[in-house]
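Enquirer: What follows is a single structure, and I will ask about it in a moment.
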Amino acid sequence: MNRLSWFNAVSLTLGFAFLYIPMVILIIFSFNESKLVTVWAGFSTKWYGELVQNEAFLDAAWVTLRVAVFSSTLATILGTAAAYVLVRGGRFFGRTLFSGMIYAPLVMPEVITGLSLLLLFIGIGLDRGILTIVLAHTTFSMCFVSVVVSSRLVTFDQSLEEAALDLGCSPAQAFRLVTLPIIAPAVISGWLLAFTLSLDDLVIASFTSGPSATTLPIKIFSAVRLGVSPEINALSTLMIAVVTVGVITASLVTKRAMMRQRQEEMAAARTE
Amino acid sequence: MRRAVLIAIPYVWLLALFLVPFLIVLKISLSDTALAIPPYTPTLDLSAGWAGIREFFGQLDLENFVWLTEDDLYWKAYLSSVKIALISTLLTLLVGYPIAYAMARAPEEWRPTLMMLVILPFWTSFLIRVYAWMGILSNEGYLNQLLLWTGIISTPLTILNTNTAVYIGIVYTYLPFMILPIYSALERMDGSLIEAAEDLGCSRLQAFWLITIPLSRPGIIAGCFLVMIPVIGEFVIPSLLGGSGTLMIGKVLWEEFFSNRDWPVASAVAVILLLILVIPIVLFQRNQQKQAEADQ
């Protein structure tokens, strides 16, 4: 079927309008002159100016960024290892418990994860700060990474690894030279997922952060509770812009990488 | 040896930062509130040896759970979370299905772009997407301005800080979770089945009801679980869009912990919340497994 029926055209239009109009309104009103966010009083970029001078927000943004980089990198390493163990590890003692612990955090309500980690940190006397947020974020996002990576590991041809081992690679070399390049797109998207999950998280960070470390979502949440403000609109617009550019770039890059991989496979098939 | 290390690292990490914390919650839920730091008793004193451990277990009781059944705030909050989750899942399905259907019927070269348009909001901050609705739904908000201006209403509607706003917020933020599984089920469907049904005398609506819906059922089930499970424990949406009348258990737990500083009761609330979630989670897991087997 090549043309859309009017019903489908209407559902697509209304559906995407519903998804995007709230964000478009937010972006438009971030350029509003007036402090009263609901009344348009002319174009201005002054809220962006105030935002850049607001040190509390800048500090929080810097904390958030550091937490996200550290936790997503750690989560990618641990999550890839976990995926490898789940898919290729064979049987080992406590495998069911292990896979349960990988899947449970995906559906665990954030309030419970946050509460339980906080009680642990207090129990062992760890001061709450950047470190505890990183530990908390790593724990739940490694599970997401491992799901993404294992879905790639399941589909790829194990005989490639076996061939590398037959040809004299050590298991570590086979992983580095054969497995890793093939699962790289999944590992990268796992990292991106972990990174955005960390940037986005309010609930777990609220439980595990201390007075010394406030993340941007915590800051936004406490400001937003008092109502809508043009400064938060400006901040939201910046965040939406960063994410949009990031997602579009990432999808173009992976598309190109996949096309190249396919071409190489076709070329390899021809030379056989 | 190397394999053992590879297994051990993520294993120990999850044991230490997922399982142990949960056992601590379980333990504190069985403890008593105390005016101390930490604010509960008993605390495990390993230096007292076996006697200390025995005394520790002797002091645990189900008091907090009894308290939860006696104060009707808690079971009302549980019931109302489940109710809100069920209704909003149904609403999300009603909104999401036509979109997924239209996406699956769209020209093939459009589909990657449409997919990206569905996924993009998911990458954007959850908090910001909820916040966006505060400006729309408030009494002086854009929706009321529009309705007043067009003359549909003469006095502003109160939507923000009601359950209606919570439903709108949930449908909006969880819509991608509903659309994607349904879309992937519909996209795999063989279009000639519909043609065959129509050739055999089905009306369009009958063909939709008898062919399309049953074939997309795995997607519908997956989507419903993906929306319902996290919504039961939702905190951000009820606290920003809901009012004082919006009872949801995630919010109750938060307030119990941060405002009342009653750790044992907060832990007991968490334990029961998990017990409620176990049923849908196990059902979901079983459904996914059956689906995976059917695919092979």
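Chain identifiers are assigned as A, B, and so on, following the order in which chains appear in the structure tokens; residues are numbered from 1 within each chain, and ligands are numbered from 1 in order of appearance.
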For chain A, report every residue with an atom at most 6 Å from chain B (counting only C-alpha atoms), formatted as a PyMOL selection string.

Expert: chain A and resi 2+8+11-12+22+78+82+109+112+116-117+120+200

Enquirer: Identify, on the basis of only C-alpha atoms, every residue whose closest approach to Ser72 (chain A) does not exceed 7 Å; exclude the query and any residue fewer than 4 positions from it along the same chain; express the result as a list in words.

Expert: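 Selected residues are Ala68, Thr76, Thr138, Trp191, Ala194 and Phe195 of chain A.
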
Enquirer: Now that the selection is made, can you save its residues with C-alpha atoms as a CSV table (one decimal), in the first residue's frame?

Expert:
chain,number,residue,atom,x,y,z
A,68,ALA,CA,26.7,10.8,33.6
A,76,THR,CA,28.9,0.0,29.6
A,138,THR,CA,25.9,2.5,37.2
A,191,TRP,CA,26.5,3.8,26.4
A,194,ALA,CA,23.1,4.8,30.0
A,195,PHE,CA,24.2,8.4,29.5

Enquirer: If we count only C-alpha atoms and set the cut-off at 9 Å, which residues sit around region 30-42 of chain A, ignoring sequence neighbours fewer than 4 positions away in its own chain? Please answer as a list in words.

Expert: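 Counting only the stated atoms, we get Ile25, Leu26, Lys46, Trp47, Tyr48, Val228, Ser229, Pro230, Glu231, Ile232, Asn233, Ala234, Leu235, Ser236 and Thr237 of chain A; Gly135, Ile136, Glu140, Gly141, Tyr142 and Gln145 of chain B.
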
Enquirer: Store the residues picked out above, limited to C-alpha atoms, as a tab-separated table (two decimals), in the first residue's frame.

Expert:
chain	number	residue	atom	x	y	z
A	25	ILE	CA	5.18	25.62	23.09
A	26	LEU	CA	7.92	25.26	25.70
A	46	LYS	CA	17.19	37.45	28.15
A	47	TRP	CA	16.27	34.23	29.99
A	48	TYR	CA	19.18	32.48	28.32
A	228	VAL	CA	6.34	27.47	35.48
A	229	SER	CA	9.27	29.82	34.99
A	230	PRO	CA	10.84	31.26	31.83
A	231	GLU	CA	14.33	30.32	33.01
A	232	ILE	CA	13.38	26.66	33.23
A	233	ASN	CA	11.84	26.98	29.76
A	234	ALA	CA	15.17	28.25	28.45
A	235	LEU	CA	17.04	25.45	30.18
A	236	SER	CA	14.61	22.86	28.80
A	237	THR	CA	15.02	24.26	25.30
B	135	GLY	CA	2.18	25.49	31.44
B	136	ILE	CA	-0.51	24.04	29.18
B	140	GLU	CA	-4.10	30.66	33.02
B	141	GLY	CA	-2.47	28.04	30.78
B	142	TYR	CA	-2.38	27.82	27.01
B	145	GLN	CA	-6.52	30.57	26.85

Enquirer: So that I can check the secondary structure, give me every residue of region 3-153 of chain A assigned helix (DSSP H, G or I) by backbone DSSP, as a ChimeraX atom specification.

Expert: /A:6-29,46-53,55-88,95-107,110-123,130-153

Enquirer: Which neighbours of Thr69 (chain B) fall inside 12 Å, counting only C-alpha atoms, when residues of the same chain fewer than 4 positions from it are skipped, and could you give them as a list in words?

Expert: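 Result of the neighbour search: Leu62, Glu63, Asn64, Phe65, Leu73, Tyr74, Trp75, Lys76, Ala77, Tyr78, Val265, Ala268, Val269 and Ile272 of chain B.
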
Enquirer: For a test of reading the model, state the distance in Å between CA of His137 (chain A) and CA of Thr215 (chain A), rounded to one decimal.

Expert: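 Computing it gives 12.3 Å between the two atoms.
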
Enquirer: Can you tell me how far CA of Gln288 (chain B) sits from CA of Ala222 (chain B), in Å to one decimal?

Expert: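 Answer for the CA of Gln288 (chain B) to CA of Ala222 (chain B) separation: 7.6 Å.
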
Enquirer: So that I can check the surroundings of Ser206 (chain A), please list as a list in words every protein, DNA and RNA residue that reaches within 9 Å of it, counting only C-alpha atoms and ignoring chain neighbours fewer than 6 positions away.

Expert: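 That gives Gly114, Ile133, Thr214, Thr215, Pro217 and Ile218 of chain A.
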
Enquirer: Using C-alpha atoms, can you export the residues from the last selection as a compact mmCIF listing (two decimals), in the first residue's frame?

Expert:
# COMPACT_ATOMS: atom_id res chain seq x y z
CA GLY A 114 16.64 4.84 45.40
CA ILE A 133 25.15 8.88 42.63
CA THR A 214 22.96 18.48 43.45
CA THR A 215 22.19 17.29 39.96
CA PRO A 217 17.10 17.27 37.50
CA ILE A 218 16.98 17.78 41.30

Enquirer: Do a neighbour search on Asp127 (chain A) at 12 Å with only C-alpha atoms, toss out local chain neighbours closer than 5 positions, and write the hits as a list in words.

Expert: Leu118, Leu119, Leu120, Phe121, Ile122, Thr132, Ile133, Thr208, Ser209, Gly210, Pro211, Ser212 and Ala213 of chain A

Enquirer: Could you list, as a PyMOL selection string, every residue within 9 Å of region 157-160 of chain A, counting only C-alpha atoms and ignoring same-chain residues fewer than 4 positions away?

Expert: chain A and resi 153+164-165+178-179
